[in-house]
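Colleague: What follows is the file run_26.tsv, containing TSV, C-alpha atoms and all ligand atoms:
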chain	number	residue	atom	x	y	z
F	1	MET	CA	-80.91	-2.59	-19.78
F	2	ALA	CA	-83.65	-4.13	-17.63
F	3	LYS	CA	-83.46	-3.26	-13.97
F	4	ARG	CA	-82.54	-6.05	-11.65
F	5	SER	CA	-84.64	-7.60	-8.91
F	6	LEU	CA	-83.04	-9.90	-6.37
F	7	THR	CA	-84.26	-11.81	-3.36
F	8	GLY	CA	-83.05	-14.53	-1.03
F	9	ILE	CA	-85.16	-17.40	0.20
F	10	LYS	CA	-84.04	-18.80	3.52
F	11	PRO	CA	-84.53	-22.58	3.64
F	12	THR	CA	-85.75	-22.90	7.21
F	13	GLY	CA	-89.26	-24.34	6.91
F	14	ILE	CA	-91.75	-25.93	4.57
F	15	PRO	CA	-93.36	-23.38	2.22
F	16	HIS	CA	-96.92	-22.42	3.18
F	17	VAL	CA	-99.82	-20.45	1.77
F	18	ALA	CA	-98.81	-17.16	3.42
F	19	ASN	CA	-95.29	-17.55	1.95
F	20	TYR	CA	-96.87	-17.88	-1.45
F	21	ILE	CA	-99.12	-14.85	-1.09
F	22	GLY	CA	-96.59	-12.66	0.68
F	23	ALA	CA	-93.30	-13.63	-0.96
F	24	ILE	CA	-93.40	-16.09	-3.83
F	25	ARG	CA	-96.18	-14.53	-5.88
F	26	PRO	CA	-94.96	-10.91	-5.62
F	27	ALA	CA	-91.39	-11.93	-6.48
F	28	LEU	CA	-92.62	-13.91	-9.49
F	29	ALA	CA	-94.70	-10.92	-10.60
F	30	LEU	CA	-91.63	-8.68	-10.42
F	31	SER	CA	-89.68	-11.16	-12.51
F	32	GLU	CA	-91.97	-10.31	-15.43
F	33	GLN	CA	-90.48	-6.82	-15.71
F	34	TYR	CA	-87.09	-7.18	-14.08
F	35	ASP	CA	-83.98	-9.17	-14.69
F	36	ALA	CA	-84.53	-11.46	-11.70
F	37	TYR	CA	-81.88	-13.12	-9.52
F	38	TYR	CA	-83.48	-15.31	-6.88
F	39	PHE	CA	-81.48	-17.61	-4.65
F	40	ILE	CA	-81.67	-20.13	-1.86
F	41	ALA	CA	-79.96	-18.46	1.11
F	42	ASP	CA	-78.60	-21.70	2.55
F	43	TYR	CA	-75.71	-20.09	4.42
F	44	HIS	CA	-78.11	-17.70	6.12
F	45	ALA	CA	-80.08	-20.75	7.25
F	46	LEU	CA	-76.88	-22.15	8.73
F	47	THR	CA	-77.19	-19.72	11.63
F	48	THR	CA	-80.11	-21.83	12.91
F	49	VAL	CA	-80.23	-25.11	10.97
F	50	LYS	CA	-77.59	-27.38	12.52
F	51	ASP	CA	-78.85	-30.69	11.23
F	52	ARG	CA	-77.09	-31.76	8.03
F	53	GLN	CA	-80.03	-33.70	6.59
F	54	ALA	CA	-82.39	-30.84	7.41
F	55	LEU	CA	-80.25	-28.40	5.44
F	56	ILE	CA	-80.19	-30.78	2.49
F	57	ASP	CA	-83.95	-31.40	2.57
F	58	LEU	CA	-84.95	-27.78	3.12
F	59	THR	CA	-82.79	-26.62	0.23
F	60	TYR	CA	-84.57	-28.99	-2.17
F	61	GLU	CA	-87.98	-28.20	-0.70
F	62	VAL	CA	-87.82	-24.45	-1.14
F	63	ALA	CA	-86.28	-24.69	-4.61
F	64	ALA	CA	-88.98	-27.17	-5.66
F	65	ALA	CA	-91.67	-24.96	-4.14
F	66	TRP	CA	-90.70	-21.90	-6.17
F	67	LEU	CA	-90.38	-23.96	-9.34
F	68	ALA	CA	-93.72	-25.67	-8.72
F	69	MET	CA	-95.43	-22.32	-8.13
F	70	GLY	CA	-94.31	-21.10	-11.53
F	71	LEU	CA	-90.76	-19.81	-11.41
F	72	ASP	CA	-89.36	-20.23	-14.91
F	73	PRO	CA	-85.62	-20.92	-14.58
F	74	ASP	CA	-85.04	-19.73	-18.15
F	75	ARG	CA	-86.23	-16.25	-17.19
F	76	VAL	CA	-85.15	-16.13	-13.57
F	77	THR	CA	-81.62	-16.94	-12.52
F	78	LEU	CA	-82.26	-19.32	-9.62
F	79	TYR	CA	-79.17	-20.35	-7.70
F	80	ARG	CA	-77.87	-21.47	-4.36
F	81	GLN	CA	-76.04	-18.79	-2.40
F	82	SER	CA	-73.27	-21.13	-1.26
F	83	ASP	CA	-72.34	-21.92	-4.87
F	84	LEU	CA	-70.95	-18.40	-5.22
F	85	PRO	CA	-67.71	-17.98	-3.26
F	86	GLU	CA	-67.74	-14.34	-4.40
F	87	VAL	CA	-70.53	-13.70	-1.89
F	88	PHE	CA	-68.31	-14.59	1.03
F	89	GLU	CA	-65.33	-12.57	-0.10
F	90	LEU	CA	-67.56	-9.53	-0.53
F	91	THR	CA	-69.04	-10.21	2.92
F	92	TRP	CA	-65.61	-9.80	4.51
F	93	ILE	CA	-64.78	-6.67	2.56
F	94	LEU	CA	-68.12	-5.08	3.47
F	95	GLY	CA	-67.65	-6.07	7.10
F	96	CYS	CA	-64.56	-3.89	7.14
F	97	VAL	CA	-66.58	-0.77	6.34
F	98	THR	CA	-69.53	-1.73	8.56
F	99	PRO	CA	-69.68	0.01	11.93
F	100	LYS	CA	-69.96	-2.61	14.68
F	101	GLY	CA	-72.60	-0.45	16.35
F	102	LEU	CA	-74.86	-0.88	13.33
F	103	MET	CA	-74.87	-4.64	13.91
F	104	ASN	CA	-75.57	-4.14	17.63
F	105	ARG	CA	-78.84	-2.52	16.59
F	106	ALA	CA	-80.04	-5.36	14.34
F	107	HIS	CA	-83.50	-6.58	15.45
F	108	ALA	CA	-82.67	-10.29	15.34
F	109	TYR	CA	-79.48	-9.86	17.36
F	110	LYS	CA	-81.21	-7.54	19.85
F	111	ALA	CA	-84.04	-10.05	20.28
F	112	ALA	CA	-81.50	-12.79	21.04
F	113	VAL	CA	-79.80	-10.56	23.62
F	114	ALA	CA	-83.16	-9.67	25.17
F	115	GLU	CA	-83.95	-13.37	25.45
F	116	ALA	CA	-80.64	-14.07	27.21
F	117	GLU	CA	-81.38	-11.20	29.60
F	118	ARG	CA	-84.88	-12.53	30.23
F	119	GLN	CA	-83.35	-15.86	31.18
F	120	GLY	CA	-81.11	-14.05	33.64
F	121	ARG	CA	-77.90	-15.08	31.85
F	122	ALA	CA	-74.77	-13.36	33.13
F	123	ASP	CA	-73.42	-13.22	29.56
F	124	VAL	CA	-76.06	-11.62	27.33
F	125	ASP	CA	-74.32	-13.05	24.24
F	126	ALA	CA	-74.63	-16.60	25.54
F	127	GLY	CA	-75.93	-18.93	22.85
F	128	ILE	CA	-75.60	-16.34	20.07
F	129	ASN	CA	-73.32	-17.43	17.23
F	130	MET	CA	-71.26	-15.05	15.11
F	131	GLY	CA	-73.42	-15.94	12.12
F	132	VAL	CA	-76.41	-14.30	13.76
F	133	TYR	CA	-74.33	-11.20	14.39
F	134	TYR	CA	-72.87	-11.10	10.88
F	135	TYR	CA	-76.14	-12.01	9.16
F	136	PRO	CA	-76.92	-8.47	7.88
F	137	VAL	CA	-73.46	-8.14	6.29
F	138	LEU	CA	-73.91	-11.43	4.42
F	139	MET	CA	-77.28	-10.20	3.23
F	140	ALA	CA	-75.75	-6.92	2.05
F	141	ALA	CA	-73.18	-8.92	0.07
F	142	ASP	CA	-75.93	-11.03	-1.56
F	143	ILE	CA	-77.65	-7.88	-2.76
F	144	LEU	CA	-74.72	-5.63	-3.65
F	145	LEU	CA	-72.84	-8.35	-5.53
F	146	PHE	CA	-75.54	-8.23	-8.22
F	147	SER	CA	-76.09	-4.47	-8.21
F	148	ALA	CA	-79.75	-5.16	-7.45
F	149	ASP	CA	-82.11	-2.25	-8.09
F	150	VAL	CA	-85.08	-3.68	-6.19
F	151	VAL	CA	-85.34	-6.25	-3.42
F	152	PRO	CA	-88.79	-7.75	-2.80
F	153	VAL	CA	-89.00	-8.87	0.83
F	154	GLY	CA	-91.35	-8.96	3.78
F	155	ARG	CA	-91.64	-6.07	6.23
F	156	ASP	CA	-89.50	-8.00	8.69
F	157	GLN	CA	-86.53	-7.55	6.34
F	158	ALA	CA	-86.84	-3.77	6.01
F	159	GLN	CA	-84.14	-3.08	8.60
F	160	HIS	CA	-81.76	-5.45	6.84
F	161	LEU	CA	-82.30	-3.57	3.62
F	162	GLU	CA	-81.70	-0.23	5.36
F	163	MET	CA	-78.43	-1.66	6.65
F	164	THR	CA	-77.49	-2.81	3.16
F	165	ARG	CA	-78.02	0.72	1.90
F	166	ASP	CA	-75.95	2.18	4.77
F	167	ILE	CA	-73.13	-0.28	4.13
F	168	ALA	CA	-73.14	0.42	0.38
F	169	GLU	CA	-73.06	4.17	0.99
F	170	LYS	CA	-70.18	3.80	3.42
F	171	PHE	CA	-68.27	1.71	0.86
F	172	ASN	CA	-68.92	4.19	-1.94
F	173	LEU	CA	-67.85	7.12	0.24
F	174	THR	CA	-64.66	5.34	1.15
F	175	TYR	CA	-63.69	3.92	-2.25
F	176	GLY	CA	-65.80	5.63	-4.93
F	177	GLU	CA	-69.11	4.83	-6.58
F	178	VAL	CA	-68.93	1.09	-7.17
F	179	LEU	CA	-72.05	-0.25	-5.45
F	180	THR	CA	-75.68	0.27	-6.46
F	181	ILE	CA	-77.97	1.45	-3.66
F	182	PRO	CA	-80.99	-0.92	-3.72
F	183	GLU	CA	-84.65	-0.09	-3.12
F	184	LEU	CA	-86.94	-2.10	-0.88
F	185	VAL	CA	-90.19	-3.42	-2.35
F	186	VAL	CA	-92.65	-4.64	0.30
F	187	SER	CA	-95.75	-6.46	-0.86
F	188	PRO	CA	-98.86	-4.95	0.79
F	189	THR	CA	-100.30	-8.30	1.88
F	190	ALA	CA	-97.00	-9.70	3.13
F	191	ALA	CA	-97.04	-10.95	6.70
F	192	SER	CA	-100.71	-10.19	7.34
F	193	ILE	CA	-102.34	-13.56	6.63
F	194	LEU	CA	-103.71	-15.25	9.77
F	195	GLY	CA	-103.07	-18.92	10.40
F	196	VAL	CA	-105.12	-21.87	11.66
F	197	ASP	CA	-105.07	-20.68	15.29
F	198	GLY	CA	-105.90	-17.05	14.47
F	199	ARG	CA	-102.36	-15.73	14.94
F	200	LYS	CA	-100.20	-14.59	12.01
F	201	MET	CA	-99.45	-17.59	9.79
F	202	SER	CA	-95.87	-18.51	10.62
F	203	LYS	CA	-93.84	-21.67	10.86
F	204	SER	CA	-92.77	-20.72	14.38
F	205	TYR	CA	-96.43	-20.83	15.51
F	206	ARG	CA	-97.02	-24.17	13.77
F	207	ASN	CA	-100.29	-22.83	12.39
F	208	VAL	CA	-99.59	-22.95	8.66
F	209	LEU	CA	-101.31	-24.37	5.61
F	210	PRO	CA	-98.46	-26.14	3.79
F	211	LEU	CA	-98.61	-25.38	0.06
F	212	PHE	CA	-98.16	-28.99	-0.94
F	213	ALA	CA	-100.23	-30.82	1.65
F	214	GLY	CA	-102.46	-33.51	0.15
F	215	PRO	CA	-106.22	-32.85	-0.13
F	216	ASP	CA	-107.04	-34.69	3.13
F	217	GLU	CA	-104.47	-32.84	5.19
F	218	LEU	CA	-105.52	-29.55	3.62
F	219	ALA	CA	-109.20	-30.24	4.34
F	220	GLY	CA	-108.39	-31.17	7.94
F	221	LEU	CA	-106.38	-27.99	8.56
F	222	ILE	CA	-109.04	-25.78	6.98
F	223	ARG	CA	-111.70	-27.42	9.17
F	224	ARG	CA	-109.63	-26.56	12.25
F	225	PHE	CA	-109.24	-22.90	11.24
F	226	LYS	CA	-110.22	-20.60	14.05
F	227	THR	CA	-113.41	-18.60	13.55
F	228	ASP	CA	-115.47	-16.64	16.06
F	229	SER	CA	-118.74	-17.93	17.48
F	230	THR	CA	-121.04	-15.98	15.17
F	231	GLY	CA	-123.92	-18.31	14.22
F	232	ALA	CA	-124.76	-19.48	10.72
F	233	GLY	CA	-127.36	-16.80	9.92
F	234	GLU	CA	-125.65	-13.87	11.66
F	235	PRO	CA	-123.57	-11.13	10.00
F	236	LYS	CA	-119.84	-11.90	10.14
F	237	ASP	CA	-116.62	-9.95	9.90
F	238	PRO	CA	-114.84	-11.58	6.93
F	239	GLU	CA	-111.47	-10.15	7.95
F	240	SER	CA	-111.59	-11.86	11.37
F	241	THR	CA	-110.20	-15.09	9.94
F	242	GLY	CA	-107.34	-16.02	7.66
F	243	LEU	CA	-109.79	-18.11	5.65
F	244	PHE	CA	-111.36	-15.11	3.99
F	245	GLN	CA	-107.98	-13.43	3.52
F	246	ILE	CA	-106.77	-16.49	1.64
F	247	TYR	CA	-109.96	-16.67	-0.39
F	248	ARG	CA	-109.64	-13.02	-1.33
F	249	GLU	CA	-106.03	-13.44	-2.46
F	250	ILE	CA	-106.69	-16.45	-4.68
F	251	ALA	CA	-110.25	-16.09	-5.98
F	252	ALA	CA	-111.51	-13.92	-8.83
F	253	PRO	CA	-112.62	-10.47	-7.60
F	254	GLU	CA	-116.29	-11.10	-8.37
F	255	ASP	CA	-116.28	-14.32	-6.32
F	256	THR	CA	-114.60	-12.50	-3.45
F	257	GLY	CA	-117.28	-9.80	-3.63
F	258	ARG	CA	-120.02	-12.39	-3.51
F	259	VAL	CA	-118.50	-14.25	-0.54
F	260	ARG	CA	-117.83	-11.03	1.35
F	261	ALA	CA	-121.44	-9.91	0.88
F	262	ALA	CA	-122.77	-13.31	1.95
F	263	LEU	CA	-120.65	-13.32	5.13
F	264	GLU	CA	-121.51	-9.73	6.02
F	265	GLY	CA	-125.19	-10.29	5.34
F	266	GLY	CA	-125.45	-13.47	7.39
F	267	GLY	CA	-126.04	-15.56	4.30
F	268	MET	CA	-123.02	-17.81	4.73
F	269	SER	CA	-121.85	-19.92	7.67
F	270	TRP	CA	-118.21	-20.37	8.63
F	271	LYS	CA	-118.61	-24.00	7.62
F	272	GLU	CA	-119.66	-22.91	4.14
F	273	LEU	CA	-116.70	-20.55	3.93
F	274	LYS	CA	-114.40	-23.42	4.89
F	275	ASP	CA	-115.85	-25.58	2.14
F	276	ALA	CA	-115.40	-22.76	-0.37
F	277	VAL	CA	-111.80	-22.14	0.68
F	278	PHE	CA	-110.98	-25.84	0.46
F	279	GLU	CA	-112.45	-26.14	-2.99
F	280	LEU	CA	-110.66	-23.05	-4.23
F	281	LEU	CA	-107.26	-23.91	-2.76
F	282	ASP	CA	-107.40	-27.56	-3.65
F	283	GLY	CA	-108.14	-26.65	-7.25
F	284	PHE	CA	-105.53	-23.92	-7.36
F	285	LEU	CA	-102.81	-26.09	-5.84
F	286	ALA	CA	-103.53	-29.37	-7.63
F	287	GLY	CA	-101.16	-28.64	-10.52
F	288	PRO	CA	-98.31	-27.22	-8.40
F	289	ARG	CA	-98.68	-30.13	-5.93
F	290	GLU	CA	-98.18	-32.58	-8.78
F	291	ARG	CA	-95.19	-30.67	-10.11
F	292	TYR	CA	-93.69	-30.43	-6.60
F	293	ARG	CA	-93.99	-34.21	-6.12
F	294	GLU	CA	-92.31	-34.78	-9.49
F	295	LEU	CA	-89.42	-32.50	-8.61
F	296	MET	CA	-88.94	-33.97	-5.15
F	297	ALA	CA	-88.94	-37.45	-6.69
F	298	ASP	CA	-86.15	-36.42	-9.07
F	299	LYS	CA	-83.75	-34.23	-7.14
F	300	ALA	CA	-81.25	-34.32	-10.00
F	301	GLN	CA	-83.68	-32.05	-11.85
F	302	ILE	CA	-83.50	-29.50	-9.02
F	303	GLN	CA	-79.72	-29.84	-8.87
F	304	ARG	CA	-79.44	-29.13	-12.60
F	305	VAL	CA	-81.56	-25.98	-12.30
F	306	LEU	CA	-79.52	-24.64	-9.38
F	307	ALA	CA	-76.20	-25.56	-10.98
F	308	ALA	CA	-77.19	-23.83	-14.23
F	309	GLY	CA	-78.32	-20.79	-12.25
F	310	ALA	CA	-75.00	-20.61	-10.41
F	311	GLU	CA	-73.18	-20.90	-13.72
F	312	ARG	CA	-75.09	-17.89	-15.07
F	313	ALA	CA	-74.73	-15.90	-11.87
F	314	ARG	CA	-71.03	-16.40	-11.25
F	315	PRO	CA	-69.59	-14.31	-14.09
F	316	GLU	CA	-71.86	-11.45	-12.97
F	317	ALA	CA	-70.65	-11.82	-9.42
F	318	ALA	CA	-67.03	-12.07	-10.51
F	319	GLY	CA	-67.36	-8.85	-12.52
F	320	LEU	CA	-68.59	-6.82	-9.59
F	321	LEU	CA	-66.10	-8.40	-7.22
F	322	ALA	CA	-63.26	-7.50	-9.60
F	323	ARG	CA	-64.37	-3.85	-9.48
F	324	VAL	CA	-64.55	-3.99	-5.69
F	325	ARG	CA	-61.08	-5.53	-5.44
F	326	GLY	CA	-59.75	-2.87	-7.75
F	327	ALA	CA	-61.38	-0.13	-5.69
F	328	ILE	CA	-59.96	-1.26	-2.36
F	329	GLY	CA	-56.39	-1.78	-3.62
F	330	ARG	CA	-56.27	-5.51	-3.98
F	331	GLU	CA	-54.39	-5.95	-7.25
F	332	THR	CA	-54.36	-9.05	-9.42
F	333	PHE	CA	-50.90	-10.61	-9.81
F	334	SER	CA	-49.83	-12.82	-12.64
F	335	ARG	CA	-46.54	-14.30	-13.67
Y	1	LIG	N1	-82.88	-12.56	5.40
Y	1	LIG	C1	-83.87	-12.96	4.43
Y	1	LIG	C2	-85.03	-13.64	5.17
Y	1	LIG	O1	-84.87	-14.10	6.27
Y	1	LIG	C3	-83.30	-13.90	3.40
Y	1	LIG	C4	-82.23	-13.25	2.57
Y	1	LIG	C5	-80.90	-13.53	2.60
Y	1	LIG	C6	-82.42	-12.20	1.62
Y	1	LIG	N2	-80.24	-12.75	1.72
Y	1	LIG	C7	-81.13	-11.92	1.09
Y	1	LIG	C8	-83.54	-11.51	1.15
Y	1	LIG	C9	-80.95	-10.93	0.13
Y	1	LIG	C10	-83.35	-10.52	0.19
Y	1	LIG	C11	-82.07	-10.24	-0.32
Y	1	LIG	O2	-86.09	-13.75	4.62
Step by step, read the file and then write its structure as structure tokens.
Ligand code: TRP
Modeller:
Amino acid sequence: MAKRSLTGIKPTGIPHVANYIGAIRPALALSEQYDAYYFIADYHALTTVKDRQALIDLTYEVAAAWLAMGLDPDRVTLYRQSDLPEVFELTWILGCVTPKGLMNRAHAYKAAVAEAERQGRADVDAGINMGVYYYPVLMAADILLFSADVVPVGRDQAQHLEMTRDIAEKFNLTYGEVLTIPELVVSPTAASILGVDGRKMSKSYRNVLPLFAGPDELAGLIRRFKTDSTGAGEPKDPESTGLFQIYREIAAPEDTGRVRAALEGGGMSWKELKDAVFELLDGFLAGPRERYRELMADKAQIQRVLAAGAERARPEAAGLLARVRGAIGRETFSR
């Protein structure tokens, strides 16, 4: 049987070029060899997204983005996390074998506590909801419910995956070998693409290239990309700007070699690099942009894909949950 790959996509911002390079493309590549389960982690987003319309819109946007970038819903089971009640039952059960101290050490929770301390709050938990605290347990349930073998995620999720493994081991020690211990797969380029202002491309820095921006917006953002003051004819460090990183990730290797040599040899200005990146990206994204617009104009299409995905995923989830219930001593009654 094919091994299973699973990942969750948190709908918290519009998909951008670094998301594609670091998350979408590697996950789609894995789906060629693995039995892939990819889902919109809408209840994870609920820890921060409190606006009802925003949750609705973001859910469609990320689903449409993955579909537009090439996810084939016949090969990949694409679903919405909240359509599987099994996830939440498993979350509770796992919580009961999870040491509280493990959650105290979670990076996201610790960062929130540090922020409260920085603000001089008397209560360091002020403003932190239980969802933030429970987040890693929900993520463990997402993964363990499908007996995932590999989980492609960014480096920032490595601790969560470690926690998932710890929780699964604790469960198995307590109740017997029911849960599969998953492996982390980190894409090498994940999280290293620089944005418009020269910092890591991230929605929280507002320095992203949206994947589905129109040509004018894309051109404008590329023009504003930060470069150093090296003059047109001087040798340049290609890696000093996200522009070259993006070019390298999308272009054919021989084109990348040529551009790198031209920059290093002083035969290409930053302006010329910007033009080259625009041309490349605009061409590469033209098809997906069209497909994205189509999907967003017909949300029923997206709903059908996600509903069909949930329908395929649920029997799988129910099977594992039945084994878990059996293992913990929760019998099924019938009359
Ligand atoms: N926490 C992940 C993120 O912020 C999203 C996520 C939720 C996830 N559940 C998952 C990723 C399960 C992998 C597997 O990106």
Colleague: So that I can see what lies close to Glu177 (chain F), please list as a list in words the residues with an atom at most 12 Å from it, counting all atoms listed in the file and leaving out residues fewer than 2 positions away in the same chain.
Modeller: Ser147, Ala168, Glu169, Lys170, Phe171, Asn172, Leu173, Thr174, Tyr175, Leu179, Thr180, Ile181, Arg323, Val324, Ala327 and Ile328 of chain F
Colleague: So what do you get for CA of Ile40 (chain F) versus CA of Ile21 (chain F), distance-wise?
Modeller: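 Taking CA of Ile40 (chain F) as the start and CA of Ile21 (chain F) as the end point, the length is 18.2 Å.
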Colleague: Got a sec: who's within 12 Å of Arg258 (chain F), counting all atoms listed in the file, leaving out chain neighbours fewer than 2 positions off, as a PDB file with C-alpha atoms, in the coordinates of the input?
Modeller:
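Once everything was written out, this is out33.pdb:
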ATOM      1  CA  PRO F 238    -114.840 -11.580   6.930  1.00  0.00           C
ATOM      2  CA  PHE F 244    -111.360 -15.110   3.990  1.00  0.00           C
ATOM      3  CA  TYR F 247    -109.960 -16.670  -0.390  1.00  0.00           C
ATOM      4  CA  ARG F 248    -109.640 -13.020  -1.330  1.00  0.00           C
ATOM      5  CA  ALA F 251    -110.250 -16.090  -5.980  1.00  0.00           C
ATOM      6  CA  ALA F 252    -111.510 -13.920  -8.830  1.00  0.00           C
ATOM      7  CA  PRO F 253    -112.620 -10.470  -7.600  1.00  0.00           C
ATOM      8  CA  GLU F 254    -116.290 -11.100  -8.370  1.00  0.00           C
ATOM      9  CA  ASP F 255    -116.280 -14.320  -6.320  1.00  0.00           C
ATOM     10  CA  THR F 256    -114.600 -12.500  -3.450  1.00  0.00           C
ATOM     11  CA  ARG F 260    -117.830 -11.030   1.350  1.00  0.00           C
ATOM     12  CA  ALA F 261    -121.440  -9.910   0.880  1.00  0.00           C
ATOM     13  CA  ALA F 262    -122.770 -13.310   1.950  1.00  0.00           C
ATOM     14  CA  LEU F 263    -120.650 -13.320   5.130  1.00  0.00           C
ATOM     15  CA  GLU F 264    -121.510  -9.730   6.020  1.00  0.00           C
ATOM     16  CA  GLY F 265    -125.190 -10.290   5.340  1.00  0.00           C
ATOM     17  CA  GLY F 267    -126.040 -15.560   4.300  1.00  0.00           C
ATOM     18  CA  MET F 268    -123.020 -17.810   4.730  1.00  0.00           C
ATOM     19  CA  LEU F 273    -116.700 -20.550   3.930  1.00  0.00           C
ATOM     20  CA  ALA F 276    -115.400 -22.760  -0.370  1.00  0.00           C
TER      21      ALA F 276
END
Colleague: Considering all atoms listed in the file, return as an MDAnalysis selection string whatever protein or nucleic-acid residues lie within 12 Å of Gly127 (chain F), sequence-local ones (same chain, fewer than 6 positions apart) excluded.
Modeller: chainID F and resid 47:48 109 112:117 119 121 133
Colleague: Restrict the selected residues to C-alpha atoms and save them as an mmCIF file, in the coordinates of the input.
Modeller:
data_model
loop_
_atom_site.group_PDB
_atom_site.id
_atom_site.type_symbol
_atom_site.label_atom_id
_atom_site.label_comp_id
_atom_site.auth_asym_id
_atom_site.auth_seq_id
_atom_site.Cartn_x
_atom_site.Cartn_y
_atom_site.Cartn_z
ATOM 1 C CA THR F 47 -77.190 -19.720 11.630
ATOM 2 C CA THR F 48 -80.110 -21.830 12.910
ATOM 3 C CA TYR F 109 -79.480 -9.860 17.360
ATOM 4 C CA ALA F 112 -81.500 -12.790 21.040
ATOM 5 C CA VAL F 113 -79.800 -10.560 23.620
ATOM 6 C CA ALA F 114 -83.160 -9.670 25.170
ATOM 7 C CA GLU F 115 -83.950 -13.370 25.450
ATOM 8 C CA ALA F 116 -80.640 -14.070 27.210
ATOM 9 C CA GLU F 117 -81.380 -11.200 29.600
ATOM 10 C CA GLN F 119 -83.350 -15.860 31.180
ATOM 11 C CA ARG F 121 -77.900 -15.080 31.850
ATOM 12 C CA TYR F 133 -74.330 -11.200 14.390
#
Colleague: Could you pull the residues within 8 Å of region 208-221 of chain F, counting all atoms listed in the file, minus those fewer than 2 positions along the same chain, as an MDAnalysis selection string?
Modeller: chainID F and resid 14:18 20 195:196 201:203 205:206 223:225 278 282 285 288:289 292
Colleague: Nearest residue to ligand LIG 1 (chain Y) out of F:Gln303, F:Thr230, F:Thr59, F:Gln81, using all atoms listed in the file?
Modeller: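 Among F:Gln303, F:Thr230, F:Thr59, F:Gln81, it is F:Gln81 that comes nearest to ligand LIG 1 (chain Y).
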Colleague: Hey, which residues come within 6 Å of ligand LIG 1 (chain Y) if we count all atoms listed in the file? Could you give them as a ChimeraX atom specification?
Modeller: /F:7-10,41,139,142-143,151,153
Colleague: Find the residue from F:Leu280, F:Ala313, F:Ala27, F:Ala54 that sits nearest to Val87 (chain F); use all atoms listed in the file when measuring.
Modeller: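 Between F:Leu280, F:Ala313, F:Ala27, F:Ala54, the residue approaching Val87 (chain F) most closely is F:Ala313.
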Colleague: Taking (-68.6, -17.9, 2.5) in the file's coordinates, which residues come within 12 Å, counting all atoms listed in the file, written as a PDB file with C-alpha atoms, keeping the file's coordinate frame?
Modeller:
ATOM      1  CA  ALA F  41     -79.960 -18.460   1.110  1.00  0.00           C
ATOM      2  CA  ASP F  42     -78.600 -21.700   2.550  1.00  0.00           C
ATOM      3  CA  TYR F  43     -75.710 -20.090   4.420  1.00  0.00           C
ATOM      4  CA  HIS F  44     -78.110 -17.700   6.120  1.00  0.00           C
ATOM      5  CA  LEU F  46     -76.880 -22.150   8.730  1.00  0.00           C
ATOM      6  CA  GLN F  81     -76.040 -18.790  -2.400  1.00  0.00           C
ATOM      7  CA  SER F  82     -73.270 -21.130  -1.260  1.00  0.00           C
ATOM      8  CA  ASP F  83     -72.340 -21.920  -4.870  1.00  0.00           C
ATOM      9  CA  LEU F  84     -70.950 -18.400  -5.220  1.00  0.00           C
ATOM     10  CA  PRO F  85     -67.710 -17.980  -3.260  1.00  0.00           C
ATOM     11  CA  GLU F  86     -67.740 -14.340  -4.400  1.00  0.00           C
ATOM     12  CA  VAL F  87     -70.530 -13.700  -1.890  1.00  0.00           C
ATOM     13  CA  PHE F  88     -68.310 -14.590   1.030  1.00  0.00           C
ATOM     14  CA  GLU F  89     -65.330 -12.570  -0.100  1.00  0.00           C
ATOM     15  CA  LEU F  90     -67.560  -9.530  -0.530  1.00  0.00           C
ATOM     16  CA  THR F  91     -69.040 -10.210   2.920  1.00  0.00           C
ATOM     17  CA  TRP F  92     -65.610  -9.800   4.510  1.00  0.00           C
ATOM     18  CA  ILE F  93     -64.780  -6.670   2.560  1.00  0.00           C
ATOM     19  CA  GLY F 131     -73.420 -15.940  12.120  1.00  0.00           C
ATOM     20  CA  TYR F 134     -72.870 -11.100  10.880  1.00  0.00           C
ATOM     21  CA  TYR F 135     -76.140 -12.010   9.160  1.00  0.00           C
ATOM     22  CA  VAL F 137     -73.460  -8.140   6.290  1.00  0.00           C
ATOM     23  CA  LEU F 138     -73.910 -11.430   4.420  1.00  0.00           C
ATOM     24  CA  MET F 139     -77.280 -10.200   3.230  1.00  0.00           C
ATOM     25  CA  ALA F 141     -73.180  -8.920   0.070  1.00  0.00           C
ATOM     26  CA  ASP F 142     -75.930 -11.030  -1.560  1.00  0.00           C
TER      27      ASP F 142
END
Colleague: Produce the centre coordinates and the three edge lengths, each in Å to one decimal, of the box along x, y and z that contains all listed atoms of region 1-18 of chain F with 6 Å added on each side, as JSON.
Modeller:
{"center_x": -90.4, "center_y": -14.3, "center_z": -6.3, "size_x": 30.9, "size_y": 35.3, "size_z": 39.0}
Colleague: List the spatial neighbours of Ile302 (chain F) as a PDB file with C-alpha atoms, in the frame of the given file - criterion: any atom at most 8 Å away, all atoms listed in the file, same-chain residues fewer than 3 positions off excluded.
Modeller:
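Final output, selection_38.pdb:
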ATOM      1  CA  TYR F  60     -84.570 -28.990  -2.170  1.00  0.00           C
ATOM      2  CA  ALA F  63     -86.280 -24.690  -4.610  1.00  0.00           C
ATOM      3  CA  ALA F  64     -88.980 -27.170  -5.660  1.00  0.00           C
ATOM      4  CA  LEU F 295     -89.420 -32.500  -8.610  1.00  0.00           C
ATOM      5  CA  ASP F 298     -86.150 -36.420  -9.070  1.00  0.00           C
ATOM      6  CA  LYS F 299     -83.750 -34.230  -7.140  1.00  0.00           C
ATOM      7  CA  VAL F 305     -81.560 -25.980 -12.300  1.00  0.00           C
ATOM      8  CA  LEU F 306     -79.520 -24.640  -9.380  1.00  0.00           C
TER       9      LEU F 306
END
Colleague: Using all atoms listed in the file, which of F:Ala308, F:Val62, F:Met163, F:Ala286 sits nearest His107 (chain F)?
Modeller: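 Selected residue with least distance to His107 (chain F): F:Met163.
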